[in-house]
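Colleague: Below are the structure tokens for one structure; questions will follow.
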Amino acid sequence: MKISYFYRFSFRTQLAITFGIVTFVVLVTASLIFGFWFVRLHQASIQNELQARVHAASELVMQSLKDRTAEIIDLSRTPDLLKSEDAIAQLQDRMNNKRALKSEYAWMGVANPDGKVITAAGKMLLGKDVTSRDWFKVGRTATWLGDVHEAVLLSRLLPRENENEPLRFIDIAAPVQNTKGELIGVLGAHLHWSWVTTLAESVLPEDASVREIQVYILSRDGVTLYPFADTGKISFRQNEDLKNSATEIVWSDSKAYVTAQIGLPQTPEQHLGWRVVLRQPVEVAYAPLKTLALQMIVLTLAMAICAAWLAYRVAAFVNAPIALLVQAVQRLGVDTNQVDVPKRLPQELRTLADAIQIASTDLTASRQELVEANEMLERRVEERTRELELANDALARQAMTDGLTNVANRRAFDMKQSELHALSARTGQAYGLLIIDVDHFKQVNDNYGHHVGDQVLAAIASKITASIRTTDFVARYGGEEFAVMFYPVTTPDELAEVAEKLRKNVSQFTFSTVGHVTISLGGCMISGGSIDRESGLKFADGALYQSKLAGRNRYTLA
Ligand SMILES: Nc1nc2c(ncn2[C@@H]2O[C@H](COP(=O)(O)OP(=O)(O)OP(=O)(O)O)[C@@H](O)[C@H]2O)c(=O)[nH]1
């Protein structure tokens, strides 16, 4: 995993992964060390057990051979053993008893110096010539313990213990001498080889067959003496040193065995050179280790899972105050209220929390100031906007209003007429237009001054406005001229009625300083769909002119 990729995880996950990996490595390392140590211990234990057993087997065989040899020596040195017929008969009784009590004795007897058997247990081989037998040859001069060999003379006389196996013995012999030290006979005994092998096998554990532990007896040359089935077939001597310790050895069957061996100690009476060996197949001996390894793997995995869970919990625990601080910092940018940071924190985080608390306090105060400043600014903008709107309205009104008479000016008239003209064209209903001119106004100016003239114009405008409906429109059309428009007009009578009403109201009004003033009017009904706006104005102007010509203070309709 790339480091940069690692940093994409949350802090908690990073902690969990780190704790998890460390714990896992420690667990696996500990398991490997413990496992290796335990394997070595177990292997040593198995090897030690086999070595102890093979040692016991060797001791037992050697001690038993010693005992039997001692018995033969003891018997051979019995005074007057062959002195008389009675002594020989007694010897036979003793040999009979010994053979009856100790089944390992297959045969026991005495041959005279010429090699003829003169007495024997069970009278076996009595009178037979044994001069060619090794036990007799060596036993003439010294105590002798011979190596295992197949029965020759006795093979027909004794039953076989195992049909598949020849009858085999080991021989013990000792010279029998008279008081002068002259040889008078050789005492010999044949011991069943099976007795030796049974002794060796007696050290095996009860479950030896299950554990496939086998005992071997090898000759000095490494040839298998026991078990008979493997005689001459199995050996390991070619490749291995002969040492009295347990080790793993590949035998001639190409299989590895835990092998414990010990050489039979040699004594003055015996130079057999046998080697007792115990072996157990490695895969069987160490089978429990496989189970143990499996158990350890399962245990390690279980512990790793527990450790991972624990790491996740520990990471959560360690990360909890940091997560709270992160939340507090996130709220700094969102909450308008002051942020409360957690109180119970480690020393380092406490310092950080204090800094966040101070920042929150400052931020809240700054935010409050900002809100207030913003509100004030908004209020001022609203005020200014309202003032601007009022000023704009005033300006708009001013632009459309005649300053002297306070009614609409000529521009406003033009716009209104265009509007009404279009409306009329769309609806098909006519609008009325009256153009009003003050009669002999020049004289007012001339007689009373321009200022009084202005007052008269303002008063006439006021009078006109008061005489028409609020929905009607009045404008100062020119110097001393006014115009009135109303919509809709259906008959000329309606137009005439308004014209007359205006004329009458003005003429009947008494103006200060000036007294009575009259007006002349010219009007027409304009249908927007029939004529254009300018043509309508010309018609009204023409009618006004007619009113002037006709003597003034009247109205004319075009
Ligand atoms: N005081 C004053 N006089 C104005 C104003 N505008 C125009 N006049 C005067 O109004 C007079 C109009 O005179 P004329 O056009 O000759 O007409 P009249 O004297 O009214 O005579 P008739 O219209 O023929 O009845 C002029 O003397 C203009 O100076 C104004 O705003 N104030």
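Letters A, B, ... go to the chains of the structure tokens in the order shown; residues in each chain start at 1; ligands are counted from 1 in the same order.
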Could you give me, as a list in words, every polymer residue with an atom at most 7 Å away from an atom of ligand 1, counting only C-alpha atoms and all ligand atoms?
Modeller: Asp437, Val438, Asp439, His440, Phe441, Lys442, Gln443, Asn445, His450, His451, Val452, Gly453, Asp454, Gly479, Glu480 and Lys548 of chain A
Colleague: So which bits of stretch 303-476 of chain A end up strand (DSSP E) when you DSSP the backbone, as a list in words?
Modeller: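 Those residues are Ala430, Tyr431, Gly432, Leu433, Leu434, Ile435, Ile436, Asp437, Val438, Phe473, Val474, Ala475 and Arg476 of chain A.
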Colleague: Which residue, A:Ile322, A:Leu301, A:Val54, A:Val282, has the smallest gap to A:Glu348 when you use only C-alpha atoms?
Modeller: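 Among the listed residues, the smallest separation from A:Glu348 belongs to A:Ile322.
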Colleague: Rank A:Asp446, A:Phe509, A:Ala461, A:Ala293 by their smallest atom-to-atom distance to A:Phe34, using only C-alpha atoms, and report the top residue only.
Modeller: A:Ala293
Colleague: Within 8 Å of A:Asn553, counting only C-alpha atoms, which residues show up once you throw out same-chain ones fewer than 3 positions away? Write them as JSON, numbers by chain, please.
Modeller: {"A": [439, 503, 507, 518, 519, 520, 521, 547, 548]}
Colleague: If we count only C-alpha atoms and set the cut-off at 10 Å, which residues sit around A:Leu495, ignoring sequence neighbours fewer than 4 positions away in its own chain? Please answer as a ChimeraX atom specification.
Modeller: /A:431-434,485-486,489-491,499-501,523-525,557
Colleague: Restrict the selected residues to N, CA, C and O atoms and save them as a tab-separated table (two decimals), in the first residue's frame.
Modeller:
```tsv
chain	number	residue	atom	x	y	z
A	431	TYR	N	-61.91	58.72	-28.16
A	431	TYR	CA	-61.63	59.55	-26.99
A	431	TYR	C	-61.88	61.00	-27.37
A	431	TYR	O	-61.79	61.38	-28.56
A	432	GLY	N	-62.18	61.80	-26.34
A	432	GLY	CA	-62.50	63.20	-26.61
A	432	GLY	C	-61.31	64.09	-26.35
A	432	GLY	O	-60.54	63.85	-25.42
A	433	LEU	N	-61.14	65.13	-27.19
A	433	LEU	CA	-60.03	66.07	-27.02
A	433	LEU	C	-60.60	67.49	-27.07
A	433	LEU	O	-61.31	67.87	-28.02
A	434	LEU	N	-60.29	68.25	-26.01
A	434	LEU	CA	-60.69	69.67	-25.98
A	434	LEU	C	-59.42	70.49	-25.85
A	434	LEU	O	-58.61	70.23	-24.95
A	485	MET	N	-58.47	65.53	-22.13
A	485	MET	CA	-58.83	64.31	-22.88
A	485	MET	C	-59.58	63.37	-21.94
A	485	MET	O	-59.28	63.30	-20.75
A	486	PHE	N	-60.58	62.66	-22.50
A	486	PHE	CA	-61.29	61.66	-21.70
A	486	PHE	C	-61.70	60.50	-22.59
A	486	PHE	O	-61.94	60.67	-23.79
A	489	VAL	N	-65.59	58.28	-25.34
A	489	VAL	CA	-66.66	59.22	-25.71
A	489	VAL	C	-67.48	58.55	-26.79
A	489	VAL	O	-66.92	58.07	-27.78
A	490	THR	N	-68.77	58.51	-26.56
A	490	THR	CA	-69.61	57.79	-27.52
A	490	THR	C	-70.39	58.74	-28.43
A	490	THR	O	-70.67	58.42	-29.58
A	491	THR	N	-70.72	59.96	-27.85
A	491	THR	CA	-71.50	60.90	-28.69
A	491	THR	C	-70.89	62.30	-28.59
A	491	THR	O	-70.26	62.65	-27.57
A	499	ALA	N	-67.27	70.55	-22.54
A	499	ALA	CA	-66.77	71.83	-23.02
A	499	ALA	C	-67.56	72.99	-22.42
A	499	ALA	O	-67.00	73.98	-21.92
A	500	GLU	N	-68.85	72.83	-22.42
A	500	GLU	CA	-69.71	73.89	-21.89
A	500	GLU	C	-69.50	74.06	-20.39
A	500	GLU	O	-69.46	75.18	-19.86
A	501	LYS	N	-69.37	72.94	-19.74
A	501	LYS	CA	-69.17	72.96	-18.28
A	501	LYS	C	-67.87	73.71	-17.93
A	501	LYS	O	-67.83	74.57	-17.04
A	523	GLY	N	-63.03	71.26	-29.92
A	523	GLY	CA	-62.92	69.84	-29.56
A	523	GLY	C	-63.28	68.92	-30.69
A	523	GLY	O	-63.85	69.32	-31.69
A	524	CYS	N	-62.93	67.69	-30.51
A	524	CYS	CA	-63.30	66.67	-31.49
A	524	CYS	C	-63.24	65.29	-30.83
A	524	CYS	O	-62.57	65.11	-29.82
A	525	MET	N	-63.96	64.35	-31.42
A	525	MET	CA	-63.88	62.95	-30.98
A	525	MET	C	-62.86	62.26	-31.90
A	525	MET	O	-62.97	62.38	-33.11
A	557	LEU	N	-67.11	72.25	-31.91
A	557	LEU	CA	-66.70	70.84	-32.08
A	557	LEU	C	-66.47	70.55	-33.55
A	557	LEU	O	-67.25	70.99	-34.39
```
Colleague: Skip A:Ile217 itself and residues of its chain fewer than 3 positions away, then list as a ChimeraX atom specification all residues within 10 Å of it, counting only C-alpha atoms.
Modeller: /A:58,196-197,200,220,222-228,231,261-264,274-278
Colleague: Filtering to C-alpha atoms, could you give me those residues as a PDB file, in the first residue's frame?
Modeller:
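The resulting file, result-v1.pdb, is reproduced below:
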```pdb
ATOM      1  CA  SER A  58      20.258 -52.795  26.345  1.00  0.00           C
ATOM      2  CA  VAL A 196      16.534 -62.099  24.004  1.00  0.00           C
ATOM      3  CA  THR A 197      14.151 -60.415  21.590  1.00  0.00           C
ATOM      4  CA  ALA A 200      14.338 -56.167  24.163  1.00  0.00           C
ATOM      5  CA  ARG A 220      28.301 -56.061  14.897  1.00  0.00           C
ATOM      6  CA  GLY A 222      24.991 -53.856  11.075  1.00  0.00           C
ATOM      7  CA  VAL A 223      23.015 -56.826   9.779  1.00  0.00           C
ATOM      8  CA  THR A 224      19.547 -57.141  11.184  1.00  0.00           C
ATOM      9  CA  LEU A 225      19.339 -60.052  13.639  1.00  0.00           C
ATOM     10  CA  TYR A 226      15.864 -59.187  14.785  1.00  0.00           C
ATOM     11  CA  PRO A 227      13.148 -59.056  13.601  1.00  0.00           C
ATOM     12  CA  PHE A 228      13.754 -62.079  11.442  1.00  0.00           C
ATOM     13  CA  THR A 231      17.114 -59.931   8.490  1.00  0.00           C
ATOM     14  CA  GLN A 261      20.440 -46.881  19.385  1.00  0.00           C
ATOM     15  CA  ILE A 262      22.916 -48.212  21.847  1.00  0.00           C
ATOM     16  CA  GLY A 263      25.726 -50.741  21.560  1.00  0.00           C
ATOM     17  CA  LEU A 264      25.633 -53.608  24.008  1.00  0.00           C
ATOM     18  CA  TRP A 274      25.086 -56.174  19.235  1.00  0.00           C
ATOM     19  CA  ARG A 275      23.354 -52.880  18.776  1.00  0.00           C
ATOM     20  CA  VAL A 276      19.842 -52.404  20.091  1.00  0.00           C
ATOM     21  CA  VAL A 277      17.857 -49.939  18.024  1.00  0.00           C
ATOM     22  CA  LEU A 278      14.422 -48.377  18.483  1.00  0.00           C
TER      23      LEU A 278
END
```
Colleague: Find the residues of stretch 191-257 of chain A that sit at most 12 Å from stretch 151-158 of chain A; for each, write down the nearest two atoms and how far apart they are in Å, to one decimal. Count only C-alpha atoms. Sort by chain, then by number going up, and give it as CSV.
Modeller:
```
residue,atom,partner,partner_atom,distance
A:Leu191,CA,A:Ala151,CA,10.5
A:His192,CA,A:Ala151,CA,9.7
A:Trp193,CA,A:Ala151,CA,10.3
```
Colleague: Would you work out the distance separating atom CA of A:Gln280 from atom CA of A:Pro205, expressed in Å to one decimal?
Modeller: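 Separation between atom CA of A:Gln280 and atom CA of A:Pro205: 12.2 Å.
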Colleague: Could you please write out, as a PyMOL selection string, every residue of stretch 310-504 of chain A that DSSP assigns to alpha helix (DSSP H)?
Modeller: chain A and resi 310-332+347-400+410-427+441-448+450-467+492-504
Colleague: For a test of reading the model, state the distance in Å between atom CA of A:Val258 and atom CA of A:Arg279, rounded to one decimal.
Modeller: 5.5 Å
Colleague: Between A:Thr198, A:Ala229, A:Arg68, A:Ile73, which one has atoms that come closest to A:Pro166, using only C-alpha atoms?
Modeller: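 The closest residue to A:Pro166 is A:Ala229.
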Colleague: Enter the distance from atom CA of A:Leu332 to atom CA of A:Gln14, in Å, rounded to one decimal.
Modeller: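 Taking atom CA of A:Leu332 and atom CA of A:Gln14, their separation equals 25.5 Å.
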Colleague: From the options A:Ala304, A:Ile464, A:Gln429, A:Thr119, which residue's atoms come nearest to A:Val28, counting only C-alpha atoms?
Modeller: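 Selected residue with least distance to A:Val28: A:Ala304.
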